[in-house]
Each structure stands twice: as structure tokens, then as C-alpha cells.
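Below you'll find the structure, written out as C-alpha cells, and then a few comments.
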Amino acid sequence: MTLIVISGATATGKSELAIAVAQKIGGEIISADSMQLYRGMDIGTAKLSKDERGNIPHHLLDVLDVREDANVAWYQEQARGLIDQLNSAGKNVVVVGGTGLYIKAILDDLTFPDTNPEVRNSLNLLAEKIGGPAMHERLAKLDPAAALAIPAENVRRVVRALEVIEITGKPFTANLPRVASTRYPNAIQFGLVMERENLDQRISDRVDRMWQAGLVSEVDQLLAAGLLEGRTAQLALGYAQVIKFRNGEISEDEAQEETKRATRQYARRQETWFSRDERINWIAPGTGRLERVLSAIDA
């Protein structure tokens, strides 16, 4: 079985390349996007429609309700189970996405310390008192690498990282092993990279298209479906900004511009995260992306 991983920053063309690769090698696709897990979150996550998926089976899309909270340990179990199942059936697999910790959870034997309710409650109370940005600053001092991987807006994940640090006495990223403990040693990883100016423009254009496609209406529907009852889905880029607009905190134009700014920042964090993995083969635009991937498979 061939296991291909396609990662990189948002808006670099990962999904399109993954489909092209899967079509060539007769594979199926597993999504490694933490927000495409949610049903109804389509426009704002740039989720491919069924017609756009090239008749390739896609897994781990639309598997959670917006009221439910995903976590890395759950994702690891789901994704690995699918890979092993497809492997047993003689299928090739293409993992694609920009959630770096999810990809690492697939490939490497991460450990997930148990939660401590008292510590968690104390940190949640502190977060309510001093706010998300201050909590993120605290994380940056204790574990700069974790702060790069976790957005300041995602207070739940920031609290979890701080909880692990307090429980174990070690940085949260101490639970991220080196290459020696990889689960799938034959996996071939590719990362899509793009010049910053071009990527920023692609992000801006993508956000504009999301608004034109009806992102605000999509968020309205999800709010009616209980979006605010879960802690994870409502933090997604674009969705969080539209919620602020609907709450009267900012104008719609400000929500759109803030989405662009936050997405650009997220792309920088993705680039930093993936750049630390020496196993990734980097591919720039215009360099025969599909051919590069296929050549590596045949090598």
C-alpha cells in the first residue's frame, strides 16, 4: 500500500493535487482538516462539493455535528483505523490537509496525557478572567512551539496545552515524538509552498468568494443548528468573524477583512509548523506538482 501525505498552508491547492494523485494511483482520500469534520461547514472551510471530488472516496468529512467537539486523540484513532482498513483492502491512501497536529497524530506515536478536572477548571476560570490572548501569551512563554501551532482564538486548545504542561511538568510539544517513533515509516510526505505575496492574494480572493457564495447565510443556518453549543466549530476562521458581526461587535466589511487577516496569520503558523518536519518534500507552483509526487511513488 502507498500512503501519500499532502500538507501545507491554506489556499495552496492541496485538495486539487490530492484528487489528481488519488486518480492516478487508484487511492482514496482522508481529510486532515479539523474543521471539515463538521457537517454544514462547507463554504467557510473550502470543502469540495461531491461533484468536485473527482469520483474519489473522501473520508473524515461531515462526520460531526457542530455541537460536538473534536480532539486529536479521537482523530488519531479514526484516521489510523481508516488507513489500516483501506490497507487491508489493498487500497492506496492520500492524506490531505493543513491541520499539522492531526497529520502528526496519524504518522507518529503521540501520547495524550489524561485530563485533570481540577487543573482544567482552574485554567478555564483564569481564561474567563484574563482572556484568550493573555492565555496564549502564557503558553508562548512556556512552550513557544505549541503557541505557533495553536491559534490564540482557540482558547480550548490553549487551555488543553497549558493543562498538559501543568500535569506533566513538560512542554506540550514534548509529547510530539521525533521521526524514530513513526507509525507509517513508508509514508511519503509532500508540502505545498507558495511565495507569500501570491499566497496572500489567493487567501484574499478565497475569502471574497466565500462571502459571495453565502458564508453569512451558512453561519446563520449553523447558529440555528446549535453552533454556539459546541466550543470547537464556532472558532473556525470566517465563522468566528461572522458570529461577531451577527452579535453587533463589528460590521460585515470588518468581519470579511478580519477573516482575511486571521487566515493570513494562520497560514504563517502552518508554514512554521510544517517547516520543522524534515521528512516533507516541498513543491512550489509551476514545478510539475503531480509529476513530482508520482515520481517519488515510483522511485
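Each chain of the C-alpha cells is named A, B, ... in the order shown, its residues numbered from 1; ligands are numbered from 1 in display order.
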
If we count only C-alpha atoms and set the cut-off at 9 Å, which residues sit around region 221-230 of chain A, ignoring sequence neighbours fewer than 6 positions away in its own chain? Please answer as a short mmCIF file (atom, residue, chain, number, x, y, z; two decimals) with C-alpha atoms, in the first residue's frame.
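The file below, selection_5.cif, is the result:
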data_model
loop_
_atom_site.label_atom_id
_atom_site.label_comp_id
_atom_site.auth_asym_id
_atom_site.auth_seq_id
_atom_site.Cartn_x
_atom_site.Cartn_y
_atom_site.Cartn_z
CA GLY A 40 -22.77 22.10 7.24
CA MET A 41 -19.44 23.89 7.45
CA ASP A 65 -22.36 17.84 14.36
CA VAL A 66 -21.37 21.44 15.15
CA ARG A 67 -22.39 20.83 18.77
CA GLU A 68 -19.67 18.17 19.11
CA ASP A 69 -16.03 18.89 19.98
CA ILE A 243 -20.59 35.46 14.65
#

Select from region 132-212 of chain A every residue with an atom at most 8 Å from any atom of region 5-8 of chain A, then for each give the shortest pair of atoms and their distance in Å to one decimal, using only C-alpha atoms, rows by chain and rising number, as JSON lines.
{"residue": "A:Ala187", "atom": "CA", "partner": "A:Val5", "partner_atom": "CA", "distance": 7.1}
{"residue": "A:Ile188", "atom": "CA", "partner": "A:Val5", "partner_atom": "CA", "distance": 6.2}
{"residue": "A:Gln189", "atom": "CA", "partner": "A:Val5", "partner_atom": "CA", "distance": 4.6}
{"residue": "A:Phe190", "atom": "CA", "partner": "A:Ile6", "partner_atom": "CA", "distance": 4.9}
{"residue": "A:Gly191", "atom": "CA", "partner": "A:Ser7", "partner_atom": "CA", "distance": 4.8}
{"residue": "A:Leu192", "atom": "CA", "partner": "A:Gly8", "partner_atom": "CA", "distance": 5.0}
{"residue": "A:Val193", "atom": "CA", "partner": "A:Gly8", "partner_atom": "CA", "distance": 6.5}

So which bits of region 16-238 of chain A end up alpha helix (DSSP H) when you DSSP the backbone, as a count of residues only?
108

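The list of residues with at least one atom within 8 Å of Ile56 (chain A), based on only C-alpha atoms and without residues fewer than 4 positions apart in the same chain, reads Ile19, Ala22, Gln23, Gly27, Glu28 and Ile29 of chain A.
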
With only C-alpha atoms as the counted atoms, please give the residues lying no more than 7 Å from Met210 (chain A), apart from itself and same-chain residues fewer than 4 positions off, as a PyMOL selection string.
chain A and resi 43-44+206+214-215

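As for CA of Arg138 (chain A) and CA of Trp273 (chain A), they are spaced 19.3 Å apart.
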
Within 12 Å of Asp42 (chain A), counting only C-alpha atoms, which residues qualify if same-chain residues fewer than 3 places away don't, as a PyMOL selection string?
chain A and resi 35-39+45-50+61-62+66+210+213-219+221-222+233+236+238-239

Store the residues picked out above, limited to N, CA and C atoms, as a PDB file, in the first residue's frame.
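Dumped to selection-v9.pdb:
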ATOM      1  N   MET A  35     -11.670  21.375  10.687  1.00  0.00           N
ATOM      2  CA  MET A  35     -12.984  21.995  10.580  1.00  0.00           C
ATOM      3  C   MET A  35     -13.851  21.387   9.482  1.00  0.00           C
ATOM      4  N   GLN A  36     -13.243  20.682   8.537  1.00  0.00           N
ATOM      5  CA  GLN A  36     -14.048  19.999   7.530  1.00  0.00           C
ATOM      6  C   GLN A  36     -14.703  18.740   8.086  1.00  0.00           C
ATOM      7  N   LEU A  37     -14.387  18.415   9.328  1.00  0.00           N
ATOM      8  CA  LEU A  37     -15.071  17.313  10.011  1.00  0.00           C
ATOM      9  C   LEU A  37     -16.558  17.608  10.205  1.00  0.00           C
ATOM     10  N   TYR A  38     -16.927  18.890  10.204  1.00  0.00           N
ATOM     11  CA  TYR A  38     -18.263  19.291  10.628  1.00  0.00           C
ATOM     12  C   TYR A  38     -19.249  19.390   9.475  1.00  0.00           C
ATOM     13  N   ARG A  39     -20.404  18.777   9.679  1.00  0.00           N
ATOM     14  CA  ARG A  39     -21.492  18.868   8.721  1.00  0.00           C
ATOM     15  C   ARG A  39     -22.007  20.298   8.655  1.00  0.00           C
ATOM     16  N   THR A  45     -14.973  26.512   5.029  1.00  0.00           N
ATOM     17  CA  THR A  45     -13.823  25.613   5.118  1.00  0.00           C
ATOM     18  C   THR A  45     -13.282  25.241   3.740  1.00  0.00           C
ATOM     19  N   ALA A  46     -13.869  25.822   2.691  1.00  0.00           N
ATOM     20  CA  ALA A  46     -13.473  25.495   1.306  1.00  0.00           C
ATOM     21  C   ALA A  46     -13.575  23.995   1.050  1.00  0.00           C
ATOM     22  N   LYS A  47     -14.597  23.377   1.616  1.00  0.00           N
ATOM     23  CA  LYS A  47     -14.809  21.939   1.433  1.00  0.00           C
ATOM     24  C   LYS A  47     -15.267  21.671   0.007  1.00  0.00           C
ATOM     25  N   LEU A  48     -14.642  20.719  -0.647  1.00  0.00           N
ATOM     26  CA  LEU A  48     -15.041  20.379  -2.002  1.00  0.00           C
ATOM     27  C   LEU A  48     -16.433  19.747  -1.990  1.00  0.00           C
ATOM     28  N   SER A  49     -17.255  20.144  -2.955  1.00  0.00           N
ATOM     29  CA  SER A  49     -18.561  19.503  -3.090  1.00  0.00           C
ATOM     30  C   SER A  49     -18.364  18.092  -3.626  1.00  0.00           C
ATOM     31  N   LYS A  50     -19.397  17.282  -3.541  1.00  0.00           N
ATOM     32  CA  LYS A  50     -19.281  15.904  -4.024  1.00  0.00           C
ATOM     33  C   LYS A  50     -18.957  15.868  -5.513  1.00  0.00           C
ATOM     34  N   LEU A  61     -14.860  13.654   6.346  1.00  0.00           N
ATOM     35  CA  LEU A  61     -15.589  14.875   6.042  1.00  0.00           C
ATOM     36  C   LEU A  61     -17.018  14.688   6.558  1.00  0.00           C
ATOM     37  N   ASP A  62     -17.590  15.735   7.134  1.00  0.00           N
ATOM     38  CA  ASP A  62     -19.002  15.698   7.541  1.00  0.00           C
ATOM     39  C   ASP A  62     -19.312  14.552   8.496  1.00  0.00           C
ATOM     40  N   VAL A  66     -22.069  20.250  14.649  1.00  0.00           N
ATOM     41  CA  VAL A  66     -21.371  21.441  15.147  1.00  0.00           C
ATOM     42  C   VAL A  66     -21.440  21.564  16.666  1.00  0.00           C
ATOM     43  N   MET A 210     -15.932  33.265  -0.710  1.00  0.00           N
ATOM     44  CA  MET A 210     -16.755  32.687   0.354  1.00  0.00           C
ATOM     45  C   MET A 210     -17.925  33.606   0.688  1.00  0.00           C
ATOM     46  N   ALA A 213     -20.405  33.439  -2.043  1.00  0.00           N
ATOM     47  CA  ALA A 213     -21.098  32.151  -2.082  1.00  0.00           C
ATOM     48  C   ALA A 213     -22.123  32.004  -0.967  1.00  0.00           C
ATOM     49  N   GLY A 214     -22.127  32.945  -0.005  1.00  0.00           N
ATOM     50  CA  GLY A 214     -23.137  32.908   1.042  1.00  0.00           C
ATOM     51  C   GLY A 214     -22.660  32.443   2.400  1.00  0.00           C
ATOM     52  N   LEU A 215     -21.423  32.792   2.782  1.00  0.00           N
ATOM     53  CA  LEU A 215     -20.906  32.366   4.083  1.00  0.00           C
ATOM     54  C   LEU A 215     -21.775  32.864   5.227  1.00  0.00           C
ATOM     55  N   VAL A 216     -22.237  34.104   5.143  1.00  0.00           N
ATOM     56  CA  VAL A 216     -23.047  34.650   6.231  1.00  0.00           C
ATOM     57  C   VAL A 216     -24.323  33.824   6.408  1.00  0.00           C
ATOM     58  N   SER A 217     -24.954  33.462   5.313  1.00  0.00           N
ATOM     59  CA  SER A 217     -26.167  32.633   5.397  1.00  0.00           C
ATOM     60  C   SER A 217     -25.844  31.254   5.968  1.00  0.00           C
ATOM     61  N   GLU A 218     -24.699  30.718   5.588  1.00  0.00           N
ATOM     62  CA  GLU A 218     -24.302  29.413   6.117  1.00  0.00           C
ATOM     63  C   GLU A 218     -24.134  29.488   7.633  1.00  0.00           C
ATOM     64  N   VAL A 219     -23.495  30.541   8.110  1.00  0.00           N
ATOM     65  CA  VAL A 219     -23.312  30.693   9.554  1.00  0.00           C
ATOM     66  C   VAL A 219     -24.666  30.861  10.248  1.00  0.00           C
ATOM     67  N   GLN A 221     -27.482  29.573   9.394  1.00  0.00           N
ATOM     68  CA  GLN A 221     -28.086  28.237   9.469  1.00  0.00           C
ATOM     69  C   GLN A 221     -27.448  27.407  10.572  1.00  0.00           C
ATOM     70  N   LEU A 222     -26.139  27.524  10.699  1.00  0.00           N
ATOM     71  CA  LEU A 222     -25.436  26.751  11.725  1.00  0.00           C
ATOM     72  C   LEU A 222     -25.734  27.272  13.129  1.00  0.00           C
ATOM     73  N   ALA A 233     -16.266  24.216  16.787  1.00  0.00           N
ATOM     74  CA  ALA A 233     -16.678  24.647  15.453  1.00  0.00           C
ATOM     75  C   ALA A 233     -16.831  26.161  15.354  1.00  0.00           C
ATOM     76  N   ALA A 236     -13.860  28.423  14.105  1.00  0.00           N
ATOM     77  CA  ALA A 236     -13.285  28.305  12.763  1.00  0.00           C
ATOM     78  C   ALA A 236     -13.147  29.670  12.104  1.00  0.00           C
ATOM     79  N   GLY A 238     -13.475  32.626   9.718  1.00  0.00           N
ATOM     80  CA  GLY A 238     -14.642  33.041   8.955  1.00  0.00           C
ATOM     81  C   GLY A 238     -15.901  32.928   9.788  1.00  0.00           C
ATOM     82  N   TYR A 239     -16.123  31.787  10.396  1.00  0.00           N
ATOM     83  CA  TYR A 239     -17.305  31.574  11.222  1.00  0.00           C
ATOM     84  C   TYR A 239     -17.249  32.453  12.473  1.00  0.00           C
TER      85      TYR A 239
END

Extract the full set of strand (DSSP E) residues from region 45-231 of chain A according to DSSP on the backbone, and format it as a VMD selection string.
chain A and resid 58 to 59 92 to 96 188 to 192

So that I can check the surroundings of Tyr266 (chain A), please list as a count of residues only every protein, DNA and RNA residue that reaches within 12 Å of it, counting only C-alpha atoms and ignoring chain neighbours fewer than 4 positions away.
29

Any idea what the distance is between CA of Pro113 (chain A) and CA of Ser34 (chain A)?
20.3 Å

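Proximity to Gln201 (chain A) was assessed for A:Asn55, A:Thr12, A:Thr182, A:Asn281 counting only C-alpha atoms; the smallest distance is recorded for A:Thr12.
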
Excluding same-chain residues fewer than 4 positions from Leu101 (chain A), what lies within 12 Å of it counting only C-alpha atoms, as a PyMOL selection string?
chain A and resi 7+32-34+71-73+75-76+97+105-110+145-146+148-150+157+172-173+175-177+269-270+273-274+277

Restrict the selected residues to N, CA and C atoms and save them as an mmCIF file, in the first residue's frame.
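Generated file (selection29.cif):
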data_model
loop_
_atom_site.group_PDB
_atom_site.id
_atom_site.type_symbol
_atom_site.label_atom_id
_atom_site.label_comp_id
_atom_site.auth_asym_id
_atom_site.auth_seq_id
_atom_site.Cartn_x
_atom_site.Cartn_y
_atom_site.Cartn_z
ATOM 1 N N SER A 7 0.459 18.198 2.544
ATOM 2 C CA SER A 7 0.197 19.212 3.566
ATOM 3 C C SER A 7 0.620 20.585 3.052
ATOM 4 N N ALA A 32 -7.382 15.725 6.583
ATOM 5 C CA ALA A 32 -6.722 16.117 7.833
ATOM 6 C C ALA A 32 -6.973 17.598 8.050
ATOM 7 N N ASP A 33 -8.239 17.952 8.041
ATOM 8 C CA ASP A 33 -8.666 19.332 8.272
ATOM 9 C C ASP A 33 -9.633 19.314 9.459
ATOM 10 N N SER A 34 -9.265 19.998 10.532
ATOM 11 C CA SER A 34 -10.030 19.907 11.773
ATOM 12 C C SER A 34 -11.426 20.499 11.674
ATOM 13 N N ASN A 71 -11.166 16.232 19.045
ATOM 14 C CA ASN A 71 -9.855 16.332 19.687
ATOM 15 C C ASN A 71 -8.861 15.447 18.953
ATOM 16 N N VAL A 72 -7.598 15.651 19.199
ATOM 17 C CA VAL A 72 -6.555 14.979 18.429
ATOM 18 C C VAL A 72 -6.569 13.472 18.668
ATOM 19 N N ALA A 73 -6.780 13.065 19.908
ATOM 20 C CA ALA A 73 -6.778 11.629 20.204
ATOM 21 C C ALA A 73 -7.891 10.913 19.442
ATOM 22 N N TYR A 75 -9.304 11.947 16.645
ATOM 23 C CA TYR A 75 -8.969 11.968 15.228
ATOM 24 C C TYR A 75 -7.923 10.907 14.915
ATOM 25 N N GLN A 76 -6.913 10.772 15.764
ATOM 26 C CA GLN A 76 -5.869 9.779 15.529
ATOM 27 C C GLN A 76 -6.468 8.378 15.391
ATOM 28 N N GLY A 97 -4.402 17.801 4.045
ATOM 29 C CA GLY A 97 -4.953 18.802 4.946
ATOM 30 C C GLY A 97 -3.888 19.719 5.504
ATOM 31 N N ALA A 105 -0.364 13.284 14.298
ATOM 32 C CA ALA A 105 -1.018 12.247 15.091
ATOM 33 C C ALA A 105 -1.211 10.966 14.287
ATOM 34 N N ILE A 106 -1.420 11.093 12.979
ATOM 35 C CA ILE A 106 -1.520 9.911 12.126
ATOM 36 C C ILE A 106 -0.172 9.199 12.037
ATOM 37 N N LEU A 107 0.860 9.972 11.742
ATOM 38 C CA LEU A 107 2.157 9.380 11.413
ATOM 39 C C LEU A 107 2.959 8.948 12.623
ATOM 40 N N ASP A 108 2.872 9.703 13.692
ATOM 41 C CA ASP A 108 3.767 9.490 14.827
ATOM 42 C C ASP A 108 3.002 9.071 16.069
ATOM 43 N N ASP A 109 3.697 8.386 16.959
ATOM 44 C CA ASP A 109 3.052 7.828 18.142
ATOM 45 C C ASP A 109 2.982 8.856 19.262
ATOM 46 N N LEU A 110 2.072 9.804 19.093
ATOM 47 C CA LEU A 110 1.869 10.824 20.112
ATOM 48 C C LEU A 110 1.249 10.205 21.368
ATOM 49 N N ALA A 145 6.745 26.609 20.703
ATOM 50 C CA ALA A 145 6.354 25.778 19.554
ATOM 51 C C ALA A 145 4.860 25.489 19.580
ATOM 52 N N ALA A 146 4.315 25.216 20.753
ATOM 53 C CA ALA A 146 2.878 24.959 20.854
ATOM 54 C C ALA A 146 2.084 26.208 20.510
ATOM 55 N N LEU A 148 2.874 28.446 18.408
ATOM 56 C CA LEU A 148 2.867 28.584 16.954
ATOM 57 C C LEU A 148 1.792 27.710 16.326
ATOM 58 N N ALA A 149 1.582 26.538 16.897
ATOM 59 C CA ALA A 149 0.654 25.568 16.304
ATOM 60 C C ALA A 149 -0.793 25.835 16.680
ATOM 61 N N ILE A 150 -1.026 26.537 17.792
ATOM 62 C CA ILE A 150 -2.384 26.726 18.296
ATOM 63 C C ILE A 150 -2.779 28.192 18.176
ATOM 64 N N ARG A 157 -8.066 24.829 23.010
ATOM 65 C CA ARG A 157 -6.801 24.128 22.771
ATOM 66 C C ARG A 157 -5.659 24.762 23.554
ATOM 67 N N PHE A 172 4.077 21.085 26.185
ATOM 68 C CA PHE A 172 3.065 20.325 25.449
ATOM 69 C C PHE A 172 3.694 19.600 24.275
ATOM 70 N N THR A 173 4.643 20.250 23.598
ATOM 71 C CA THR A 173 5.277 19.643 22.429
ATOM 72 C C THR A 173 6.248 18.537 22.802
ATOM 73 N N ASN A 175 5.285 15.966 23.993
ATOM 74 C CA ASN A 175 4.514 14.780 23.642
ATOM 75 C C ASN A 175 4.525 14.499 22.147
ATOM 76 N N LEU A 176 5.213 15.338 21.384
ATOM 77 C CA LEU A 176 5.310 15.131 19.951
ATOM 78 C C LEU A 176 6.644 14.466 19.664
ATOM 79 N N PRO A 177 6.654 13.185 19.308
ATOM 80 C CA PRO A 177 7.907 12.431 19.184
ATOM 81 C C PRO A 177 8.677 12.773 17.928
ATOM 82 N N ARG A 269 1.504 30.395 10.535
ATOM 83 C CA ARG A 269 1.714 29.368 11.559
ATOM 84 C C ARG A 269 1.820 27.982 10.938
ATOM 85 N N GLN A 270 1.005 27.726 9.921
ATOM 86 C CA GLN A 270 1.088 26.435 9.235
ATOM 87 C C GLN A 270 2.467 26.252 8.615
ATOM 88 N N TRP A 273 5.001 25.449 11.282
ATOM 89 C CA TRP A 273 4.817 24.098 11.815
ATOM 90 C C TRP A 273 5.384 23.055 10.855
ATOM 91 N N PHE A 274 4.967 23.102 9.614
ATOM 92 C CA PHE A 274 5.392 22.076 8.665
ATOM 93 C C PHE A 274 6.881 22.178 8.331
ATOM 94 N N ASP A 277 9.419 19.696 9.930
ATOM 95 C CA ASP A 277 9.420 18.259 9.626
ATOM 96 C C ASP A 277 10.318 17.998 8.421
#
